[in-house]
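**Q** Structure supplied as data00.cif; contents: mmCIF, C-alpha atoms.
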data_start
#
loop_
_atom_site.label_atom_id
_atom_site.label_comp_id
_atom_site.auth_asym_id
_atom_site.auth_seq_id
_atom_site.Cartn_x
_atom_site.Cartn_y
_atom_site.Cartn_z
CA MET A 1 -13.83 37.21 18.95
CA ALA A 2 -12.00 33.94 19.52
CA ASN A 3 -11.08 32.16 22.76
CA ILE A 4 -7.32 31.99 23.07
CA MET A 5 -5.04 30.11 25.44
CA LEU A 6 -1.57 31.45 26.22
CA VAL A 7 1.36 29.18 27.10
CA ASP A 8 4.61 30.83 28.20
CA ASP A 9 6.78 30.47 31.28
CA SER A 10 7.33 34.24 31.26
CA LYS A 11 4.54 36.08 33.05
CA PHE A 12 5.64 39.23 31.26
CA MET A 13 5.27 37.67 27.82
CA ARG A 14 1.82 36.35 28.70
CA ALA A 15 0.78 39.79 29.92
CA LEU A 16 2.13 41.35 26.74
CA LEU A 17 0.22 38.95 24.49
CA LYS A 18 -2.92 39.51 26.53
CA LYS A 19 -2.51 43.24 26.06
CA VAL A 20 -2.04 42.87 22.31
CA LEU A 21 -5.10 40.59 22.00
CA ALA A 22 -7.32 42.67 24.32
CA GLY A 23 -10.46 43.99 22.67
CA THR A 24 -10.09 41.69 19.69
CA HIS A 25 -10.02 38.26 21.32
CA THR A 26 -10.53 36.72 24.76
CA VAL A 27 -7.74 35.02 26.65
CA ILE A 28 -9.54 32.19 28.43
CA GLY A 29 -6.56 30.46 30.01
CA GLU A 30 -2.86 30.66 30.71
CA ALA A 31 -0.29 27.93 31.28
CA GLU A 32 3.33 28.20 32.38
CA ASN A 33 4.68 25.03 30.81
CA GLY A 34 3.83 22.27 28.38
CA VAL A 35 2.41 19.92 30.99
CA GLU A 36 -0.06 22.54 32.20
CA ALA A 37 -0.89 23.43 28.59
CA VAL A 38 -1.90 19.89 27.67
CA ASP A 39 -4.18 19.63 30.72
CA LEU A 40 -5.64 23.10 30.22
CA TYR A 41 -6.40 22.45 26.55
CA ASP A 42 -8.45 19.39 27.53
CA GLN A 43 -10.46 21.54 29.92
CA LEU A 44 -10.95 24.66 27.81
CA SER A 45 -10.86 23.57 24.14
CA PRO A 46 -9.76 27.05 23.01
CA ASP A 47 -10.08 28.24 19.43
CA LEU A 48 -6.35 28.90 19.31
CA VAL A 49 -3.21 28.37 21.39
CA MET A 50 -0.19 30.69 21.45
CA MET A 51 2.69 28.50 22.56
CA ASP A 52 6.21 29.41 23.66
CA VAL A 53 8.95 27.04 22.51
CA VAL A 54 11.41 26.87 25.40
CA MET A 55 9.71 26.07 28.71
CA PRO A 56 10.48 23.96 31.78
CA HIS A 57 9.06 20.46 32.35
CA MET A 58 7.74 20.07 28.80
CA ASP A 59 8.71 22.32 25.89
CA GLY A 60 6.29 23.83 23.40
CA ILE A 61 7.11 21.36 20.66
CA LEU A 62 6.25 18.31 22.75
CA ALA A 63 3.18 20.04 24.17
CA THR A 64 2.00 20.88 20.64
CA ASN A 65 2.61 17.29 19.59
CA ASN A 66 0.50 16.05 22.52
CA ILE A 67 -2.31 18.53 21.98
CA VAL A 68 -2.56 18.02 18.22
CA GLY A 69 -2.27 14.25 18.72
CA LYS A 70 -5.38 14.28 20.90
CA HIS A 71 -7.15 17.14 19.14
CA PRO A 72 -6.24 17.18 15.41
CA GLU A 73 -8.38 20.30 14.93
CA ALA A 74 -6.22 22.27 17.42
CA LYS A 75 -4.72 25.49 16.08
CA VAL A 76 -1.35 26.34 17.60
CA ILE A 77 0.84 29.38 16.91
CA MET A 78 4.44 29.05 18.11
CA CYS A 79 6.03 32.09 19.79
CA THR A 80 9.73 31.79 19.08
CA SER A 81 12.85 33.81 19.64
CA VAL A 82 15.33 34.90 17.00
CA GLY A 83 17.58 32.02 16.07
CA GLN A 84 15.07 29.25 16.84
CA ASP A 85 14.24 28.43 13.24
CA GLU A 86 15.23 24.79 13.62
CA LYS A 87 12.86 24.50 16.58
CA VAL A 88 10.16 26.16 14.51
CA LYS A 89 10.59 23.53 11.83
CA ALA A 90 10.30 20.85 14.51
CA ALA A 91 7.13 22.55 15.73
CA ILE A 92 5.63 22.44 12.23
CA LYS A 93 6.22 18.72 12.18
CA ALA A 94 4.58 18.53 15.61
CA GLY A 95 1.46 20.17 14.22
CA ALA A 96 1.87 23.91 14.77
CA ARG A 97 0.21 25.97 12.07
CA GLY A 98 1.73 29.42 12.52
CA TYR A 99 4.65 31.34 14.02
CA ILE A 100 5.55 34.68 15.46
CA THR A 101 9.02 35.76 16.51
CA LYS A 102 9.78 37.65 19.73
CA PRO A 103 10.02 40.56 20.05
CA PHE A 104 6.78 40.91 18.14
CA GLN A 105 4.72 43.85 17.02
CA GLY A 106 1.02 43.93 17.87
CA PRO A 107 -0.31 44.13 14.30
CA SER A 108 1.85 41.18 13.20
CA VAL A 109 0.48 39.05 16.03
CA LEU A 110 -3.11 39.92 15.21
CA LYS A 111 -2.51 39.27 11.52
CA GLU A 112 -1.13 35.81 12.23
CA VAL A 113 -3.98 35.04 14.64
CA GLU A 114 -6.64 36.18 12.15
CA SER A 115 -4.96 34.24 9.38
CA LEU A 116 -5.01 31.03 11.39
CA LEU A 117 -8.54 31.51 12.69
CA GLY A 118 -9.68 31.96 9.09
CA GLN A 119 -8.40 28.53 8.10
CA MET B 1 48.79 40.55 -6.29
CA ALA B 2 47.88 41.66 -9.79
CA GLN B 3 45.66 44.69 -9.09
CA GLU B 4 47.99 47.27 -7.57
CA LYS B 5 45.88 50.42 -7.65
CA VAL B 6 46.11 51.92 -4.16
CA VAL B 7 42.84 52.24 -2.23
CA THR B 8 44.19 53.68 1.02
CA TRP B 9 47.30 53.56 3.15
CA LEU B 10 48.60 54.44 6.59
CA GLU B 11 51.84 54.77 8.45
CA GLY B 12 52.01 53.21 11.89
CA LYS B 13 53.46 50.17 13.54
CA ILE B 14 52.84 46.49 13.09
CA LEU B 15 53.29 43.45 15.25
CA PHE B 16 53.53 39.92 13.91
CA VAL B 17 51.74 38.19 16.78
CA ASP B 18 53.97 35.58 18.33
CA THR B 19 52.55 33.58 21.21
CA TYR B 20 56.01 32.61 22.38
CA ALA B 21 57.69 36.02 22.16
CA ALA B 22 59.15 37.37 25.38
CA ARG B 23 57.79 40.82 24.62
CA PRO B 24 55.84 42.37 21.75
CA ASN B 25 57.99 43.71 18.93
CA TRP B 26 56.12 46.58 17.27
CA VAL B 27 58.00 47.88 14.24
CA PRO B 28 57.36 50.97 12.12
CA CYS B 29 55.48 50.05 8.98
CA LYS B 30 53.66 51.45 5.99
CA VAL B 31 50.44 49.60 5.26
CA VAL B 32 49.07 49.92 1.74
CA LEU B 33 45.70 48.55 0.69
CA THR B 34 45.26 47.87 -3.02
CA TYR B 35 42.39 46.29 -4.91
CA GLY B 36 44.29 43.01 -4.76
CA GLY B 37 45.38 42.94 -1.14
CA ILE B 38 47.54 44.50 1.54
CA TRP B 39 51.22 45.38 1.45
CA LEU B 40 53.06 45.54 4.76
CA MET B 41 56.29 47.47 4.28
CA HIS B 42 58.56 47.34 7.30
CA GLY B 43 62.30 47.98 7.24
CA SER B 44 63.61 46.48 4.05
CA GLU B 45 60.90 43.83 3.97
CA LYS B 46 57.67 43.85 2.02
CA THR B 47 54.93 41.31 2.77
CA GLY B 48 51.99 40.94 0.40
CA VAL B 49 48.70 39.57 1.69
CA PRO B 50 46.09 38.88 -1.01
CA LEU B 51 42.52 39.69 0.06
CA ALA B 52 41.54 36.09 -0.51
CA ALA B 53 44.16 34.98 2.03
CA ILE B 54 42.53 36.98 4.86
CA VAL B 55 40.71 34.67 7.27
CA GLY B 56 40.09 37.07 10.13
CA LEU B 57 39.73 40.81 10.54
CA GLY B 58 39.51 42.73 13.79
CA ARG B 59 39.97 39.74 16.05
CA GLU B 60 41.04 40.47 19.60
CA VAL B 61 44.65 39.67 20.42
CA PRO B 62 45.48 38.77 24.05
CA LYS B 63 46.70 41.87 25.89
CA LYS B 64 49.93 40.25 27.01
CA LEU B 65 50.89 39.81 23.35
CA THR B 66 50.27 43.43 22.35
CA GLY B 67 51.87 45.07 25.37
CA ASN B 68 50.29 48.39 26.23
CA VAL B 69 48.75 48.85 22.81
CA SER B 70 44.98 48.58 23.02
CA GLU B 71 43.91 50.16 19.73
CA TYR B 72 44.91 48.11 16.75
CA LEU B 73 43.48 46.30 13.76
CA SER B 74 44.37 42.64 13.58
CA ILE B 75 44.48 40.76 10.30
CA ALA B 76 44.78 36.99 10.22
CA TYR B 77 45.84 35.45 6.92
CA VAL B 78 46.96 32.14 5.54
CA LEU B 79 49.89 31.97 3.15
CA ALA B 80 51.48 28.69 2.06
CA GLY B 81 49.29 26.85 4.55
CA LYS B 82 50.54 28.86 7.52
CA GLU B 83 48.22 31.17 9.47
CA THR B 84 49.73 34.45 10.62
CA THR B 85 48.17 37.28 12.61
CA VAL B 86 49.47 40.80 12.23
CA ALA B 87 48.31 43.70 14.40
CA ILE B 88 48.45 47.20 12.95
CA THR B 89 48.36 50.32 15.11
CA GLY B 90 48.17 53.94 14.06
CA GLN B 91 45.70 56.81 14.11
CA SER B 92 42.27 55.63 15.18
CA ALA B 93 40.47 57.14 12.18
CA GLN B 94 42.96 55.60 9.78
CA LEU B 95 42.59 52.17 11.35
CA LYS B 96 38.80 52.37 11.06
CA LYS B 97 39.10 53.51 7.48
CA LEU B 98 41.51 50.70 6.62
CA LYS B 99 39.19 48.09 8.14
CA LYS B 100 36.13 49.52 6.40
CA TYR B 101 37.87 49.53 3.02
CA ILE B 102 39.19 45.98 3.45
CA MET B 103 35.67 44.77 4.24
CA PHE B 104 34.30 46.71 1.27
CA LEU B 105 36.74 44.98 -1.06
CA GLN B 106 35.95 41.61 0.48
CA LEU B 107 32.19 42.05 0.14
CA ASN B 108 31.50 44.14 -2.93
CA LYS B 109 30.53 42.31 -6.14
CA LYS B 110 30.76 38.94 -4.45
CA PRO B 111 28.34 36.07 -5.28
CA VAL B 112 25.91 35.14 -2.52
CA TYR B 113 22.78 33.08 -2.00
CA ILE B 114 19.81 34.98 -0.62
CA LEU B 115 16.45 34.06 0.93
CA HIS B 116 14.24 37.16 0.95
CA PRO B 117 12.06 37.94 2.76
CA ALA B 118 12.72 34.98 5.01
CA LYS B 119 10.41 36.54 7.60
CA VAL B 120 7.89 39.38 7.52
CA GLY B 121 6.94 40.81 10.91
CA GLY B 122 8.61 37.80 12.48
CA ALA B 123 6.47 35.30 10.56
CA ILE B 124 8.41 32.78 8.49
CA GLN B 125 7.57 32.95 4.80
CA ASP B 126 6.93 29.49 3.40
CA ASN B 127 7.56 28.33 -0.15
CA LEU B 128 10.54 30.63 -0.68
CA GLN B 129 13.61 29.38 -2.49
CA TRP B 130 17.23 30.40 -2.06
CA GLU B 131 18.35 32.43 -5.05
CA GLN B 132 21.75 33.28 -6.43
CA GLY B 133 22.72 36.91 -6.34
CA LEU B 134 25.52 39.44 -6.41
CA LEU B 135 26.20 41.51 -3.30
CA ASN B 136 26.86 45.22 -3.80
CA VAL B 137 28.01 47.52 -1.01
CA VAL B 138 26.72 51.00 -1.79
CA TRP B 139 28.34 54.00 -0.12
CA THR B 140 26.84 57.46 -0.25
CA PRO B 141 28.16 60.88 0.86
CA ALA B 142 28.51 60.96 4.66
CA GLY B 143 26.97 57.50 4.72
CA ALA B 144 23.48 58.98 4.66
CA ALA B 145 21.96 56.33 2.42
CA ASP B 146 24.48 53.50 2.57
CA LYS B 147 22.91 50.18 1.70
CA LEU B 148 23.48 46.59 0.74
CA VAL B 149 22.00 45.63 -2.60
CA VAL B 150 21.72 42.03 -3.73
CA GLN B 151 21.12 41.74 -7.44
CA ARG B 152 19.10 38.65 -8.34
CA LYS B 153 17.04 37.50 -11.29
CA SER B 154 13.72 38.06 -9.52
CA GLY B 155 14.63 41.65 -8.62
CA ASN B 156 17.08 43.56 -6.48
CA VAL B 157 16.89 43.38 -2.70
CA GLU B 158 17.89 46.63 -1.00
CA ILE B 159 18.79 46.71 2.67
CA PRO B 160 19.37 50.29 3.91
CA MET B 161 22.15 50.21 6.51
CA GLY B 162 20.28 52.76 8.62
CA GLU B 163 17.25 50.45 8.89
CA ILE B 164 19.12 47.35 10.08
CA GLU B 165 18.15 46.34 13.62
CA MET B 166 20.46 43.37 14.05
CA VAL B 167 22.53 40.73 12.34
CA GLN B 168 23.49 37.32 13.62
CA THR B 169 24.69 33.97 12.39
CA GLU B 170 22.36 31.01 12.32
CA ASN B 171 22.92 27.38 11.55
CA GLN B 172 20.48 26.01 9.00
CA LYS B 173 20.14 22.94 6.85
CA ILE B 174 20.05 23.98 3.22
CA SER B 175 19.53 21.22 0.67
CA GLY B 176 20.31 18.75 3.43
CA LYS B 177 23.65 20.38 4.22
CA ALA B 178 24.41 22.25 7.46
CA GLN B 179 25.28 25.85 6.63
CA THR B 180 25.96 29.01 8.61
CA ILE B 181 23.96 31.93 7.28
CA ALA B 182 23.72 35.63 8.13
CA ASN B 183 20.28 36.65 9.41
CA ILE B 184 19.74 40.37 8.83
CA LYS B 185 16.68 42.02 10.39
CA PHE B 186 15.67 45.44 9.12
CA THR B 187 12.70 47.76 9.00
CA GLY B 188 10.92 48.28 5.70
CA ALA B 189 8.09 50.55 4.65
CA GLU B 190 5.36 48.74 6.57
CA ASN B 191 6.97 45.95 8.51
CA THR B 192 10.17 44.32 9.74
CA TYR B 193 11.92 41.88 7.46
CA ASN B 194 14.52 39.18 7.92
CA THR B 195 16.79 38.37 5.02
CA PHE B 196 19.08 35.34 5.05
CA ILE B 197 22.37 35.49 3.18
CA LEU B 198 24.70 32.58 2.57
CA SER B 199 28.15 33.34 1.24
CA GLY B 200 31.83 32.60 1.54
CA ILE B 201 32.31 36.01 3.16
CA GLN B 202 29.95 35.51 6.05
CA ASN B 203 32.23 36.78 8.82
CA SER B 204 33.13 39.93 6.91
CA LEU B 205 29.48 40.65 6.17
CA ILE B 206 28.50 40.35 9.83
CA GLU B 207 31.54 42.35 10.97
CA TYR B 208 30.74 45.08 8.43
CA ILE B 209 27.14 45.38 9.58
CA ASN B 210 28.03 45.22 13.28
CA ASP B 211 30.65 47.94 12.84
CA TYR B 212 28.00 50.11 11.22
CA LEU B 213 25.53 49.40 14.04
CA LYS B 214 28.17 50.27 16.64
CA GLU B 215 29.11 53.50 14.84
CA SER B 216 25.47 54.54 14.61
CA GLY B 217 24.79 53.61 18.24
CA VAL B 218 22.25 50.89 17.44
CA ILE B 219 24.23 48.29 19.35
CA SER B 220 24.19 49.03 23.03
CA ARG B 221 24.20 46.88 26.12
CA HIS B 222 20.50 46.29 25.51
CA ASN B 223 20.84 44.48 22.24
CA GLU B 224 24.37 43.13 22.20
CA GLY B 225 22.78 39.93 23.43
CA ALA B 226 20.45 39.88 20.46
CA VAL B 227 23.32 40.37 18.05
CA GLY B 228 25.10 37.48 19.59
CA GLY B 229 21.96 35.39 19.81
CA GLY B 230 21.36 35.95 23.51
CA GLY B 231 17.67 35.08 23.25
CA ASP B 232 15.44 35.28 26.29
CA ALA B 233 18.36 35.93 28.63
CA ALA B 234 18.64 39.37 27.06
CA LEU B 235 15.10 40.19 28.12
CA GLU B 236 15.76 40.29 31.82
CA GLY B 237 15.15 43.37 33.86
CA LEU B 238 12.61 46.13 33.92
CA GLU B 239 14.34 48.22 31.25
CA ASP B 240 14.32 45.37 28.77
CA GLU B 241 10.71 44.47 29.53
CA ILE B 242 9.67 48.07 29.01
CA LEU B 243 11.53 48.19 25.72
CA VAL B 244 9.82 45.00 24.56
CA ALA B 245 6.42 46.31 25.66
CA LEU B 246 6.93 49.55 23.71
CA TYR B 247 8.13 47.56 20.68
CA SER B 248 4.95 45.47 20.85
CA GLY B 249 2.76 48.55 20.76
CA VAL B 250 1.96 49.14 24.43
CA SER B 251 1.52 52.88 25.02
CA ALA B 252 4.20 54.46 27.21
CA LEU B 253 1.42 55.86 29.38
CA GLU B 254 -0.03 52.39 29.90
CA VAL B 255 3.27 50.78 30.84
CA PRO B 256 3.06 51.54 34.61
CA THR B 257 -0.32 49.79 34.87
CA PHE B 258 0.75 47.04 32.49
CA MET B 259 3.97 46.17 34.33
CA GLU B 260 2.84 44.42 37.49
CA GLY B 261 4.69 45.64 40.56
CA ALA B 262 6.31 48.60 38.82
CA GLU B 263 5.72 52.03 40.37
CA VAL B 264 5.10 55.05 38.14
CA ASP B 265 8.23 56.79 39.46
CA GLN B 266 10.26 53.67 38.79
CA VAL B 267 9.00 53.43 35.21
CA GLU B 268 9.62 57.13 34.60
CA ALA B 269 13.17 56.75 35.93
CA VAL B 270 13.64 53.95 33.40
CA TYR B 271 12.29 56.23 30.65
CA ASP B 272 14.85 58.90 31.64
CA ASN B 273 17.60 56.32 31.42
CA LEU B 274 16.39 55.03 28.05
CA ILE B 275 16.15 58.61 26.73
CA SER B 276 19.73 59.32 27.81
CA GLN B 277 20.85 56.21 25.95
CA GLY B 278 19.01 57.29 22.82
CA LEU B 279 16.79 54.19 22.90
CA VAL B 280 13.53 56.11 23.18
CA GLU B 281 12.64 59.73 22.54
CA LEU B 282 10.46 62.10 24.49
CA VAL B 283 7.11 62.72 22.79
CA ARG B 284 5.35 64.72 25.48
CA LEU B 285 5.24 65.23 29.24
CA ARG B 286 2.14 63.99 31.04
CA LYS B 287 0.55 66.27 33.63
CA ASP B 288 -0.33 64.78 37.01
CA VAL B 289 -2.61 66.97 39.14
CA LYS B 290 -4.43 66.89 42.46
CA LEU B 291 -7.23 69.09 43.84
CA THR B 292 -6.37 72.19 45.83
CA ALA B 293 -8.44 73.34 48.79
CA LYS B 294 -10.21 75.76 46.44
CA GLY B 295 -10.95 72.93 44.03
CA ARG B 296 -12.24 70.66 46.79
CA ASN B 297 -14.45 73.51 48.02
CA ILE B 298 -16.01 73.94 44.57
CA VAL B 299 -16.68 70.22 44.31
CA ASN B 300 -18.34 70.24 47.73
CA LYS B 301 -20.55 73.15 46.70
CA LYS B 302 -21.48 71.45 43.43
CA MET B 303 -22.48 68.29 45.28
CA GLN B 304 -24.80 70.33 47.56
CA MET B 305 -26.69 71.81 44.65
#
What is this structure when it is put down as structure tokens?

**A**
Amino acid sequence: MANIMLVDDSKFMRALLKKVLAGTHTVIGEAENGVEAVDLYDQLSPDLVMMDVVMPHMDGILATNNIVGKHPEAKVIMCTSVGQDEKVKAAIKAGARGYITKPFQGPSVLKEVESLLGQ
Amino acid sequence: MAQEKVVTWLEGKILFVDTYAARPNWVPCKVVLTYGGIWLMHGSEKTGVPLAAIVGLGREVPKKLTGNVSEYLSIAYVLAGKETTVAITGQSAQLKKLKKYIMFLQLNKKPVYILHPAKVGGAIQDNLQWEQGLLNVVWTPAGAADKLVVQRKSGNVEIPMGEIEMVQTENQKISGKAQTIANIKFTGAENTYNTFILSGIQNSLIEYINDYLKESGVISRHNEGAVGGGGDAALEGLEDEILVALYSGVSALEVPTFMEGAEVDQVEAVYDNLISQGLVELVRLRKDVKLTAKGRNIVNKKMQM
């Protein structure tokens, strides 16, 4: 059971991810934007971060860049929407290691999480 | 137009769209589709439009240019460097048939580039290469098993039309060059897949799939945004959130507790609405009960024992 941090400006999407992860992993923190995510990562050092791409104040790509810059061991999965492939590629360059596309199906999320935690 | 074998035809009226015309001039016309193109026969004139000259199909023409006619099929084509738009009106079924056959001829046996599966369950598949292929549009009786088949060296890719969830255009850099591709999402045996197709017939491919999705009722107000790339904006509202929750695997019975601030009655009203739209189906009715006086009495007696 891994400690996971969720970053999404949509409360609904965070609740949905929490529901999907429940029983398998523990959500230890939630952030609503990239700025909060960077601070929260420093405090919690989670095993994995699930990061939305488009957020106010600081987007997921910049937040990932900041987190991985400070913590090279950080594991970040980007949560993207259909049509954001270019942003996904930018996120890879920023240090993200995995991706899921919204709307997602529970088993696909867990598979991606397990795959990344196994690395 | 060398190949003159007739595919289908209709008798109706046509309008050569003229932005500067005082009023629309619909004229009786016979429209004949052959394997090479379209013949427009009106009065003593006969205009041939090769399939390769068609640059737009089914585009909307401003109402003031068509007069009172709202049901038509527009065809934009370029001949001798000049773009012309003609609107054809006639029986609804014949117009749909004409459009479907034109798209079939434009798409079938055409070379494409394909990236498959570009995504599995939403996860991008790395280390895949674009491959050359040949697109085949397969029609079956009553459309029951219609599909798109792309023949390629590494094996055929079959996309059943009935399993397609959405199609949209995306801009991607391929070999350093900006390209517009068609992103087709469909359900397979165990997962959802996204297949990317790059071709010179992009618009027709997307129009063909979208027409199918509209006919089969897959496109509704809920996912028109997704087809057009609406993104997160399409996920507003309780109905959409409930749909996404169900898609993600949340049990319908858990939704009222999962959706903060949503009352059970409110959620069930949404279910009724979604059922009427054909977006969800009823599996079973849950029973909600409360104790009667007789029941309360028995409980009280049990507690005294």

**Q** Using the chain letters and residue numbers of this document, give as a PyMOL selection string the residues selected by the PyMOL selection byres ((chain B) within 6 of (chain A)).

**A** chain B and resi 121-123+248-249

**Q** List, as a compact mmCIF listing (two decimals) with C-alpha atoms, in the coordinates of the input, every residue that the PyMOL selection byres ((chain B and resi 62) around 12) selects in the file provided.

**A**
# COMPACT_ATOMS: atom_id res chain seq x y z
CA VAL B 17 51.74 38.19 16.78
CA ASP B 18 53.97 35.58 18.33
CA THR B 19 52.55 33.58 21.21
CA PRO B 24 55.84 42.37 21.75
CA ARG B 59 39.97 39.74 16.05
CA GLU B 60 41.04 40.47 19.60
CA VAL B 61 44.65 39.67 20.42
CA LYS B 63 46.70 41.87 25.89
CA LYS B 64 49.93 40.25 27.01
CA LEU B 65 50.89 39.81 23.35
CA THR B 66 50.27 43.43 22.35
CA GLY B 67 51.87 45.07 25.37
CA ASN B 68 50.29 48.39 26.23
CA VAL B 69 48.75 48.85 22.81
CA SER B 70 44.98 48.58 23.02
CA TYR B 72 44.91 48.11 16.75
CA SER B 74 44.37 42.64 13.58
CA THR B 85 48.17 37.28 12.61
CA ALA B 87 48.31 43.70 14.40

**Q** Compare B:Tyr113, B:Tyr20, B:Tyr35, B:Phe258 by their minimum atom-to-atom distance to B:Gln202, counting all atoms listed in the file, and give me the closest one.

**A** B:Tyr113

**Q** I'd like the interatomic distance between atom CA of B:Val264 and atom CA of B:Ala252, to a tenth of an Å.

**A** 11.0 Å

**Q** List the residues matched by the PyMOL selection byres ((chain A and resi 93) around 12) in the displayed structure as a list in words, ordered by chain and then by residue number.

**A**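 Here the PyMOL selection byres ((chain A and resi 93) around 12) matches Ile61, Leu62, Thr64, Asn65, Val68, Gly69, Glu86, Lys87, Val88, Lys89, Ala90, Ala91, Ile92, Ala94, Gly95, Ala96, Arg97 and Gly98 of chain A.
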
**Q** Taking into account all atoms listed in the file, which residue in the set B:Val167, B:Leu285, B:Cys29, B:Ala22 is nearest to B:Gly43?

**A**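 When distances to B:Gly43 are compared using all atoms listed in the file, the smallest one comes from B:Cys29.
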
**Q** When distances are computed from only C-alpha atoms, which of B:Glu71, B:Glu158, B:Glu241, B:Ile184 shows the smallest separation from B:Val267?

**A** B:Glu241

**Q** Residues at most 9 Å from B:Trp39, counting all atoms listed in the file, excluding those fewer than 2 positions away in the same chain, as a ChimeraX atom specification?

**A** /B:30-34,37,41,46-50

**Q** With all heavy atoms as the target, complete stretch 1-7 of chain A and hand it back as a compact mmCIF listing (two decimals), in the coordinates of the input.

**A**
# COMPACT_ATOMS: atom_id res chain seq x y z
N MET A 1 -14.72 37.25 17.78
CA MET A 1 -13.83 37.21 18.95
C MET A 1 -13.58 35.75 19.34
O MET A 1 -14.52 35.02 19.68
CB MET A 1 -14.47 37.99 20.11
CG MET A 1 -13.53 38.15 21.28
SD MET A 1 -14.18 39.26 22.57
CE MET A 1 -13.70 40.86 21.95
N ALA A 2 -12.33 35.35 19.26
CA ALA A 2 -12.00 33.94 19.52
C ALA A 2 -11.49 33.76 20.95
O ALA A 2 -11.03 34.70 21.58
CB ALA A 2 -10.94 33.49 18.54
N ASN A 3 -11.60 32.51 21.44
CA ASN A 3 -11.08 32.16 22.76
C ASN A 3 -9.65 31.64 22.61
O ASN A 3 -9.42 30.65 21.90
CB ASN A 3 -11.95 31.09 23.41
CG ASN A 3 -13.32 31.65 23.74
OD1 ASN A 3 -13.45 32.83 24.08
ND2 ASN A 3 -14.35 30.82 23.62
N ILE A 4 -8.74 32.31 23.26
CA ILE A 4 -7.32 31.99 23.07
C ILE A 4 -6.68 31.56 24.38
O ILE A 4 -6.98 32.11 25.45
CB ILE A 4 -6.59 33.20 22.45
CG1 ILE A 4 -7.15 33.47 21.04
CG2 ILE A 4 -5.08 32.96 22.40
CD1 ILE A 4 -6.55 34.64 20.32
N MET A 5 -5.78 30.58 24.27
CA MET A 5 -5.04 30.11 25.44
C MET A 5 -3.57 30.48 25.26
O MET A 5 -3.02 30.29 24.18
CB MET A 5 -5.19 28.59 25.54
CG MET A 5 -4.56 27.96 26.73
SD MET A 5 -4.98 26.17 26.74
CE MET A 5 -3.36 25.49 26.54
N LEU A 6 -2.97 31.03 26.29
CA LEU A 6 -1.57 31.45 26.22
C LEU A 6 -0.69 30.48 27.01
O LEU A 6 -1.03 30.12 28.15
CB LEU A 6 -1.39 32.86 26.80
CG LEU A 6 -2.25 33.97 26.18
CD1 LEU A 6 -1.96 35.30 26.89
CD2 LEU A 6 -1.97 34.09 24.69
N VAL A 7 0.43 30.09 26.41
CA VAL A 7 1.36 29.18 27.10
C VAL A 7 2.76 29.79 27.02
O VAL A 7 3.35 29.89 25.93
CB VAL A 7 1.37 27.78 26.45
CG1 VAL A 7 2.20 26.82 27.31
CG2 VAL A 7 -0.05 27.26 26.26
